[in-house]
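Participant: Here it is: the structure, laid out below.
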4 protein chains.
Amino acid sequence: MLGVALLGSGRMAHVYGPKINAHPQLDLVTVFNPNRASAEKAVAAYGGKAEDKLEHVLADDRVEAAVIATPTNTHLEYVEACAKAGKAIYCEKPLDLTLERVDRCMNVLAKQPVPFMLGFNRRFDPDISLLQQAVRSGEIGDLTFLMSWSREPAPPPIDYVRRSGGYFVDATIHDIDLLCWIAGEHPEEVYAAGSCLFDPGIGAEGDVDATMTTMKMPSGCLVHINNSRSCAYGFDQRLEAFGRRGMLQTRNHRDDNLIRWDGERTDAAMPLKHFFLERYDASFHHALDEFCRAVTEGREPSSTAADGRAALAIALACDRSRREGRAIKPDYL
Amino acid sequence: MLGVALLGSGRMAHVYGPKINAHPQLDLVTVFNPNRASAEKAVAAYGGKAEDKLEHVLADDRVEAAVIATPTNTHLEYVEACAKAGKAIYCEKPLDLTLERVDRCMNVLAKQPVPFMLGFNRRFDPDISLLQQAVRSGEIGDLTFLMSWSREPAPPPIDYVRRSGGYFVDATIHDIDLLCWIAGEHPEEVYAAGSCLFDPGIGAEGDVDATMTTMKMPSGCLVHINNSRSCAYGFDQRLEAFGRRGMLQTRNHRDDNLIRWDGERTDAAMPLKHFFLERYDASFHHALDEFCRAVTEGREPSSTAADGRAALAIALACDRSRREGRAIKPDYL
Amino acid sequence: MLGVALLGSGRMAHVYGPKINAHPQLDLVTVFNPNRASAEKAVAAYGGKAEDKLEHVLADDRVEAAVIATPTNTHLEYVEACAKAGKAIYCEKPLDLTLERVDRCMNVLAKQPVPFMLGFNRRFDPDISLLQQAVRSGEIGDLTFLMSWSREPAPPPIDYVRRSGGYFVDATIHDIDLLCWIAGEHPEEVYAAGSCLFDPGIGAEGDVDATMTTMKMPSGCLVHINNSRSCAYGFDQRLEAFGRRGMLQTRNHRDDNLIRWDGERTDAAMPLKHFFLERYDASFHHALDEFCRAVTEGREPSSTAADGRAALAIALACDRSRREGRAIKPDYL
Amino acid sequence: MLGVALLGSGRMAHVYGPKINAHPQLDLVTVFNPNRASAEKAVAAYGGKAEDKLEHVLADDRVEAAVIATPTNTHLEYVEACAKAGKAIYCEKPLDLTLERVDRCMNVLAKQPVPFMLGFNRRFDPDISLLQQAVRSGEIGDLTFLMSWSREPAPPPIDYVRRSGGYFVDATIHDIDLLCWIAGEHPEEVYAAGSCLFDPGIGAEGDVDATMTTMKMPSGCLVHINNSRSCAYGFDQRLEAFGRRGMLQTRNHRDDNLIRWDGERTDAAMPLKHFFLERYDASFHHALDEFCRAVTEGREPSSTAADGRAALAIALACDRSRREGRAIKPDYL
């Protein structure tokens with residue numbers, strides 16, 4: 001059993017809480033929130049004890065690992081504190097909104113090496129993971145095109161948009177990470193176009209809600225990402241990998257397997273009622289599982305801080321490309 | 001070029017007329033109808049000359065073959081006359097509504113052997129023909145289940161129903177012929193259940209408009225047919241062959257390849273707007289082509305009078321089974 | 001919380017054990033098996049205490065309900081004992097292999113009324129349940145055809161076949177129950193054809209491994225069931241409901257949503273790797289949930305002993321129809 | 001009847017020849033080729049008379065219209081000659097490989113106005129045309145994303161590549177025209193990335209065989225094009241239009257409607273055996289039909305020289321973007 005402190009007790013913490021609780025090898029020791037009342041609510045639901053002082057959490061020997069699910073702007077402060085205390089770390093994405101802050105933190109991690117996993121949960125989705133394995137095993141030959149669709153059912157509240165770091169850093173970063181991981185390489189150059197087509201409030205913040213991103217890979221493989229903050233038929237999540245010998249597609253999950261034929265439409269399914277918590281429920285579980293096994297087996301988890309930095313560098317390049325209307329080379333280390 | 005007389009100038013004759021006209025090896029010499037005005041209309045559209053006396057048609061040496069597309073109750077009278085005149089014969093299905101009449105005609109054909117092809121056009125549909133070849137070639141191993149759906153968009157006029165010989169002889173006979181041809185054997189016994197669920201006028205004639213038929217084959221293969229005179233989403237035509245090593249399905253043709261996703265339905269196609277003339281257009285052409293090639297090559301066409309007699313015997317057994325509520329052995333020769 | 005005794009600790013008990021254990025309103029008090037060692041293994045996995053004497057189980061006041069998952073030939077003996085002890089009963093299907101024994105038991109239940117639910121778990125499958133609700137709500141108008149496919153990946157051991165009561169009573173009974181429940185009526189007459197096409201050992205027992213069943217309903221609705229003990233591509237489970245206004249189909253669940261295109265096949269999915277435990281996993285959970293809620297709310301569970309008797313009467317009529325080659329009226333009460 | 005001269009008797013002329021011949025309102029008067037023997041072969045197949053002198057063709061009063069299907073580098077010379085002779089013109093795409101030459105020709109056309117139609121045949125494909133109508137009618141609300149896939153089964157001969165004007169001008173121009181026509185606007189800016197991933201011979205010519213193109217429209221709508229010169233499963237042709245209220249997709253045509261299930265793959269179709277002549281056969285016919293009707297009705301055909309110039313300007317901007325690695329504004333008039 002691995003003793004775990006859950007840092008944070010907001011929305012994402014309520015994603016991890018029940019999964020830590022249900023995991024046979026994880027033991028929820030503590031839930032931390034500077035606001036003790038909030039921590040106590042999570043404790044009531046998932047167990048452990050509530051703490052409002054981080055030093056108490058880190059001083060507890062039963063806490064071997066921390067799952068950081070706090071607001072983005074606090075991620076790296078807690079990562080550094082946990083690293084210094086020698087705790088294994090699972091941190092929700094993104095690491096931070098700036099490369100400067102990420103680089104400072106990576107220096108800390110280099111000096112205080114602890115197991116570190118970044119929560120790019122979609123890599124652990126069973127369908128996406130099957131596609132990645134099939135591509136990496138050469139099933140479709142050399143990869144030539146890679147495409148991703150992530151269209152959300154409805155725009156988030158403006159307050160969320162304001163703190164998100166922009167659409168590319170907030171959302172496209174998932175597609176960026178997945179596609180680089182599937183392709184096994186990072187882009188030399190990116191180009192992104194964006195519009196505000198769904199929610200004028202997003203445009204008023206200087207952000208966009210519809211984007212198309214192109215990434216050109218060193219191998220020549222071409223990558224496309226298609227993102228929108230609104231989608232009339234629900235949460236549209238698809239991948240398409242095209243190689244010299246064939247194509248692989250992950251199709252949308254349906255909420256049911258009932259097909260309708262009538263005088264209006266034939267062969268029809270219902271709209272996609274789920275959003276990311278339902279669609280990627282299994283992936284959060286599998287991500288925690290990978291973290292637990294990596295720590296137990298003494299090996300590096302499969303989604304690293306370097307992966308997070310690369311994805312952030314690419315996302316920031318996309319944002320700059322969108323603003324400057326030209327292709328941009330990401331600022332890799 | 002094969003000189004052809006088209007007997008009849010009604011609905012089915014207007015299916016064959018343009019196809020004879022367009023066929024590079026067929027030459028439309030004559031259109032025959034006792035009603036000369038009707039024949040002349042067809043001639044205006046497809047060429048040839050109009051005749052209202054059969055003896056003139058048969059006496060014309062340029063007429064090498066007859067395509068019989070007259071009302072069912074005249075089919076065999078014309079078949080016998082053509083056979084006696086030594087003309088090759090293509091006859092629309094069904095041969096007749098009674099086995100007694102068919103048997104008399106088969107005696108005539110035995111004494112006056114001429115090339116004879118029965119118009120079971122659906123055998124020549126490209127998808128159905130591919131399925132039959134795949135089954136016969138052993139692609140799915142020994143056949144175990146075979147299923148057919150034929151659901152028509154809307155009930156025919158009552159007048160048509162009255163002269164049709166009943167639903168099994170009029171329509172199920174197509175499925176019966178296809179399934180026996182695919183299976184390569186005829187049933188030992190059939191069981192049919194029927195209801196009048198769509199058009200009470202059909203029930204008033206003592207007929208049914210919804211049937212399920214089971215045929216048990218000598219090999220043990222089990223066969224199901226599903227027929228209805230009405231279908232809210234159009235002309236539903238499907239086959240499913242299940243063997244020891246796999247399954248083959250022919251899916252419905254769509255009128256277009258446009259797929260719709262919205263807040264009501266996803267992955268949806270439009271209803272099937274076509275009926276049999278559009279759905280099986282190619283099959284009529286390929287059937288005429290087979291007839292022309294068989295006559296030219298001096299071999300027996302692939303859909304014979306014996307096939308027609310067997311299908312009629314089975315259809316009549318279905319009708320009797322439906323009326324008597326028990327399994328019936330068809331009256332084979 | 002409802003205190004539960006699990007009767008049996010064999011295969012089906014290991015289906016129910018973890019689900020009782022995980023259910024928030026069920027408390028697993030006892031696992032009973034005359035073979036105490038077997039009961040103890042289940043207790044080690046799911047909790048409760050082991051018992052090898054039924055009277056001890058029934059005497060325990062904490063036991064409010066029994067889940068009977070013992071061999072079929074013991075079901076009704078335990079049902080009667082539980083009823084006499086005033087315990088609520090959830091009994092795996094089938095009730096028994098003979099109507100005589102079922103009728104005696106129903107007399108006992110009539111005299112000792114306790115909540116009784118029969119484990120027709122497939123009714124609680126989310127897709128099937130959606131289809132049933134859509135049909136019953138009139139979405140496709142009056143029902144005219146209803147079809148079910150249940151094809152198993154591979155034949156069971158001969159020993160299982162021998163004790164199964166025959167293919168209709170063992171397996172078709174699921175389809176029979178579902179289709180009567182969806183249609184809202186029971187057949188006037190059934191006709192079944194069967195063959196032994198996959199495993200000659202099954203034929204040697206006088207049983208069949210491939211069947212087609214027709215049920216004619218009082219409303220005129222026609223019903224078809226398609227069963228085989230072998231299927232090259234896995235566990236084929238489909239339903240099709242055809243009404244005056246449209247059609248509803250439940251499609252096969254896929255193990256993943258990955259689609260492959262290459263030089264051999266396009267738009268292709270993988271074979272179905274799951275069998276009933278995986279395919280109907282949710283349905284067992286939802287069935288227990290319905291039982292728990294019905295007992296708690298003091299109402300009759302939605303799958304009754306009378307449903308089980310009717311399905312058995314129909315399955316036995318199918319078997320007799322298959323042996324006698326004629327349509328049979330089921331022996332209803 | 002409209003008297004037609006077919007200019008050219010090479011590959012594309014053999015696409016148009018049989019369609020002119022079969023069209024009820026077109027009369028093939030002449031086939032022109034400076035190489036008389038080549039013209040005579042086409043005449044033998046489709047009728048008319050052979051000519052090797054253009055002045056004779058243009059002097060013939062029965063010739064009311066010309067279908068220009070000669071090599072690209074001669075298109076505009078013949079367009080100008082036909083315009084001066086007052087003939088209606090149907091010209092295969094592209095107009096030419098340079099904007100300068102196109103602009104000179106458009107001046108000629110402005111001075112000698114004759115009906116002019118550019119052969120962007122894909123607009124007349126029934127599925128694509130349905131999608132365009134649905135988008136333009138507002139069925140999916142304001143358009144936000146538009147995507148096109150055109151992947152060819154195998155690279156063309158190097159000799160073809162050399163004379164093609166580059167991949168964007170040769171092939172992407174079809175997608176560019178379709179997407180601008182569907183969107184109802186032209187891009188402000190384009191970005192294209194390209195690689196040589198399939199045929200090194202293409203790279204040796206300085207061309208690419210795999211491209212991704214982004215077009216940003218004045219409305220904010222974002223457009224993606226995906227092109228490759230090779231595709232293991234055949235001719236991949238798809239469109240996806242995503243609007244505020246839903247999505248429309250045109251799926252690949254299959255060569256047949258047979259679906260296979262076995263121990264290797266389920267729900268599988270065969271690879272796409274057709275290439276553009278088969279896939280777009282109907283569209284060539286419908287394009288000629290539009291030309292004939294527009295000339296007869298005295299209105300401008302629906303695919304104009306200005307459309308061709310705009311598509312060429314965009315394709316050239318794509319090519320430059322690919323070479324310079326930055327977004328480019330097309331050189332519109």
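So you can find residues: chains in the structure tokens are A, B, ... in the order shown, residues in each start at 1, and ligands are numbered from 1 in order.
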Only residues of chain C matter here; which ones have an atom within 12 Å of chain D, counting only C-alpha atoms? Give them as an MDAnalysis selection string.

Facilitator: chainID C and resid 153 230:236 251:256 258:273

Participant: I'd like the contact shell of Ser302 of chain A - 12 Å cut-off, only C-alpha atoms, skipping same-chain residues fewer than 5 positions apart - returned as a PDB file with N, CA and C atoms, in the first residue's frame.

Facilitator:
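Written out: result_30.pdb:
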```pdb
ATOM      1  N   TYR A  90       2.346  12.977  -8.111  1.00  0.00           N
ATOM      2  CA  TYR A  90       1.461  12.892  -9.270  1.00  0.00           C
ATOM      3  C   TYR A  90       0.837  14.278  -9.381  1.00  0.00           C
ATOM      4  N   PRO A 115      10.122  10.273  -7.681  1.00  0.00           N
ATOM      5  CA  PRO A 115       9.244   9.840  -8.786  1.00  0.00           C
ATOM      6  C   PRO A 115       8.239  10.946  -9.091  1.00  0.00           C
ATOM      7  N   PHE A 116       8.112  11.289 -10.372  1.00  0.00           N
ATOM      8  CA  PHE A 116       7.210  12.367 -10.756  1.00  0.00           C
ATOM      9  C   PHE A 116       6.377  11.935 -11.963  1.00  0.00           C
ATOM     10  N   MET A 117       5.063  12.082 -11.815  1.00  0.00           N
ATOM     11  CA  MET A 117       4.199  11.764 -12.959  1.00  0.00           C
ATOM     12  C   MET A 117       3.263  12.930 -13.224  1.00  0.00           C
ATOM     13  N   LEU A 118       3.145  13.275 -14.504  1.00  0.00           N
ATOM     14  CA  LEU A 118       2.230  14.347 -14.893  1.00  0.00           C
ATOM     15  C   LEU A 118       0.912  13.716 -15.340  1.00  0.00           C
ATOM     16  N   GLY A 119      -0.199  14.326 -14.949  1.00  0.00           N
ATOM     17  CA  GLY A 119      -1.513  13.714 -15.172  1.00  0.00           C
ATOM     18  C   GLY A 119      -2.069  13.903 -16.574  1.00  0.00           C
ATOM     19  N   PHE A 120      -1.319  13.463 -17.586  1.00  0.00           N
ATOM     20  CA  PHE A 120      -1.872  13.441 -18.938  1.00  0.00           C
ATOM     21  C   PHE A 120      -2.727  12.177 -19.056  1.00  0.00           C
ATOM     22  N   ASN A 121      -3.909  12.244 -18.434  1.00  0.00           N
ATOM     23  CA  ASN A 121      -4.704  11.027 -18.258  1.00  0.00           C
ATOM     24  C   ASN A 121      -5.145  10.390 -19.570  1.00  0.00           C
ATOM     25  N   ARG A 123      -3.664   9.627 -22.195  1.00  0.00           N
ATOM     26  CA  ARG A 123      -2.778   8.559 -22.656  1.00  0.00           C
ATOM     27  C   ARG A 123      -3.234   7.200 -22.131  1.00  0.00           C
ATOM     28  N   PHE A 124      -3.964   7.208 -21.016  1.00  0.00           N
ATOM     29  CA  PHE A 124      -4.330   5.953 -20.360  1.00  0.00           C
ATOM     30  C   PHE A 124      -5.744   5.516 -20.715  1.00  0.00           C
ATOM     31  N   TRP A 181       3.144  11.884 -28.332  1.00  0.00           N
ATOM     32  CA  TRP A 181       3.381  10.567 -27.727  1.00  0.00           C
ATOM     33  C   TRP A 181       3.100   9.457 -28.749  1.00  0.00           C
ATOM     34  N   HIS A 286      -6.661   4.498 -14.651  1.00  0.00           N
ATOM     35  CA  HIS A 286      -5.460   3.836 -15.171  1.00  0.00           C
ATOM     36  C   HIS A 286      -4.215   4.696 -14.953  1.00  0.00           C
ATOM     37  N   ALA A 287      -4.390   6.044 -14.966  1.00  0.00           N
ATOM     38  CA  ALA A 287      -3.248   6.929 -14.741  1.00  0.00           C
ATOM     39  C   ALA A 287      -2.744   6.779 -13.306  1.00  0.00           C
ATOM     40  N   LEU A 288      -3.672   6.777 -12.347  1.00  0.00           N
ATOM     41  CA  LEU A 288      -3.279   6.582 -10.954  1.00  0.00           C
ATOM     42  C   LEU A 288      -2.614   5.222 -10.778  1.00  0.00           C
ATOM     43  N   ASP A 289      -3.127   4.245 -11.499  1.00  0.00           N
ATOM     44  CA  ASP A 289      -2.598   2.895 -11.415  1.00  0.00           C
ATOM     45  C   ASP A 289      -1.152   2.859 -11.911  1.00  0.00           C
ATOM     46  N   GLU A 290      -0.894   3.531 -13.044  1.00  0.00           N
ATOM     47  CA  GLU A 290       0.467   3.613 -13.572  1.00  0.00           C
ATOM     48  C   GLU A 290       1.384   4.294 -12.556  1.00  0.00           C
ATOM     49  N   PHE A 291       0.889   5.377 -11.946  1.00  0.00           N
ATOM     50  CA  PHE A 291       1.693   6.083 -10.938  1.00  0.00           C
ATOM     51  C   PHE A 291       2.056   5.134  -9.797  1.00  0.00           C
ATOM     52  N   CYS A 292       1.057   4.443  -9.292  1.00  0.00           N
ATOM     53  CA  CYS A 292       1.253   3.544  -8.153  1.00  0.00           C
ATOM     54  C   CYS A 292       2.250   2.445  -8.516  1.00  0.00           C
ATOM     55  N   ARG A 293       2.083   1.850  -9.704  1.00  0.00           N
ATOM     56  CA  ARG A 293       2.995   0.774 -10.092  1.00  0.00           C
ATOM     57  C   ARG A 293       4.412   1.283 -10.323  1.00  0.00           C
ATOM     58  N   ALA A 294       4.545   2.455 -10.934  1.00  0.00           N
ATOM     59  CA  ALA A 294       5.880   3.001 -11.191  1.00  0.00           C
ATOM     60  C   ALA A 294       6.607   3.257  -9.869  1.00  0.00           C
ATOM     61  N   VAL A 295       5.895   3.888  -8.912  1.00  0.00           N
ATOM     62  CA  VAL A 295       6.527   4.161  -7.616  1.00  0.00           C
ATOM     63  C   VAL A 295       6.914   2.856  -6.942  1.00  0.00           C
ATOM     64  N   ASP A 307       7.739  15.776 -20.499  1.00  0.00           N
ATOM     65  CA  ASP A 307       6.604  15.718 -21.432  1.00  0.00           C
ATOM     66  C   ASP A 307       5.713  16.938 -21.242  1.00  0.00           C
ATOM     67  N   GLY A 308       5.514  17.301 -20.001  1.00  0.00           N
ATOM     68  CA  GLY A 308       4.648  18.442 -19.704  1.00  0.00           C
ATOM     69  C   GLY A 308       5.267  19.744 -20.185  1.00  0.00           C
TER      70      GLY A 308
END
```

Participant: Select from segment 65-272 of chain A everything DSSP, run on the backbone, classes as strand (DSSP E), then give the selection as number ranges by chain.

Facilitator: A: 65-68, 88-92, 116-119, 143-151, 189-195, 210-216, 222-228, 236-243, 246-250, 258-262

Participant: How far is it from atom CA of Ala241 of chain A to atom CA of Ala305 of chain A, in Å with one decimal?

Facilitator: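 Between atom CA of Ala241 of chain A and atom CA of Ala305 of chain A the gap is 25.7 Å.
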
Participant: So which bits of segment 71-319 of chain C end up alpha helix (DSSP H) when you DSSP the backbone, as number ranges by chain?

Facilitator: C: 75-84, 99-111, 126-136, 158-163, 167, 173-183, 200-204, 276-279, 281-297, 305-319

Participant: So, with only C-alpha atoms as the atoms that count, which of B:Thr72, B:Phe276, B:Ala313, B:Pro24 lies closest to Glu188 of chain B?

Facilitator: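 Closest residue, counting only C-alpha atoms: B:Ala313.
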
Participant: In Å, rounded to a single decimal, give me how far atom CA of Val169 of chain C is from atom CA of Asp319 of chain C.

Facilitator: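 So the two atoms, atom CA of Asp319 of chain C and atom CA of Val169 of chain C, lie 8.0 Å apart.
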
Participant: Name the residues in contact with Phe198 of chain B at a cut-off of 8 Å, using only C-alpha atoms, excluding same-chain residues fewer than 6 positions from it; report them as a PyMOL selection string.

Facilitator: (chain B and resi 155+209-210+229-230) or (chain C and resi 244)
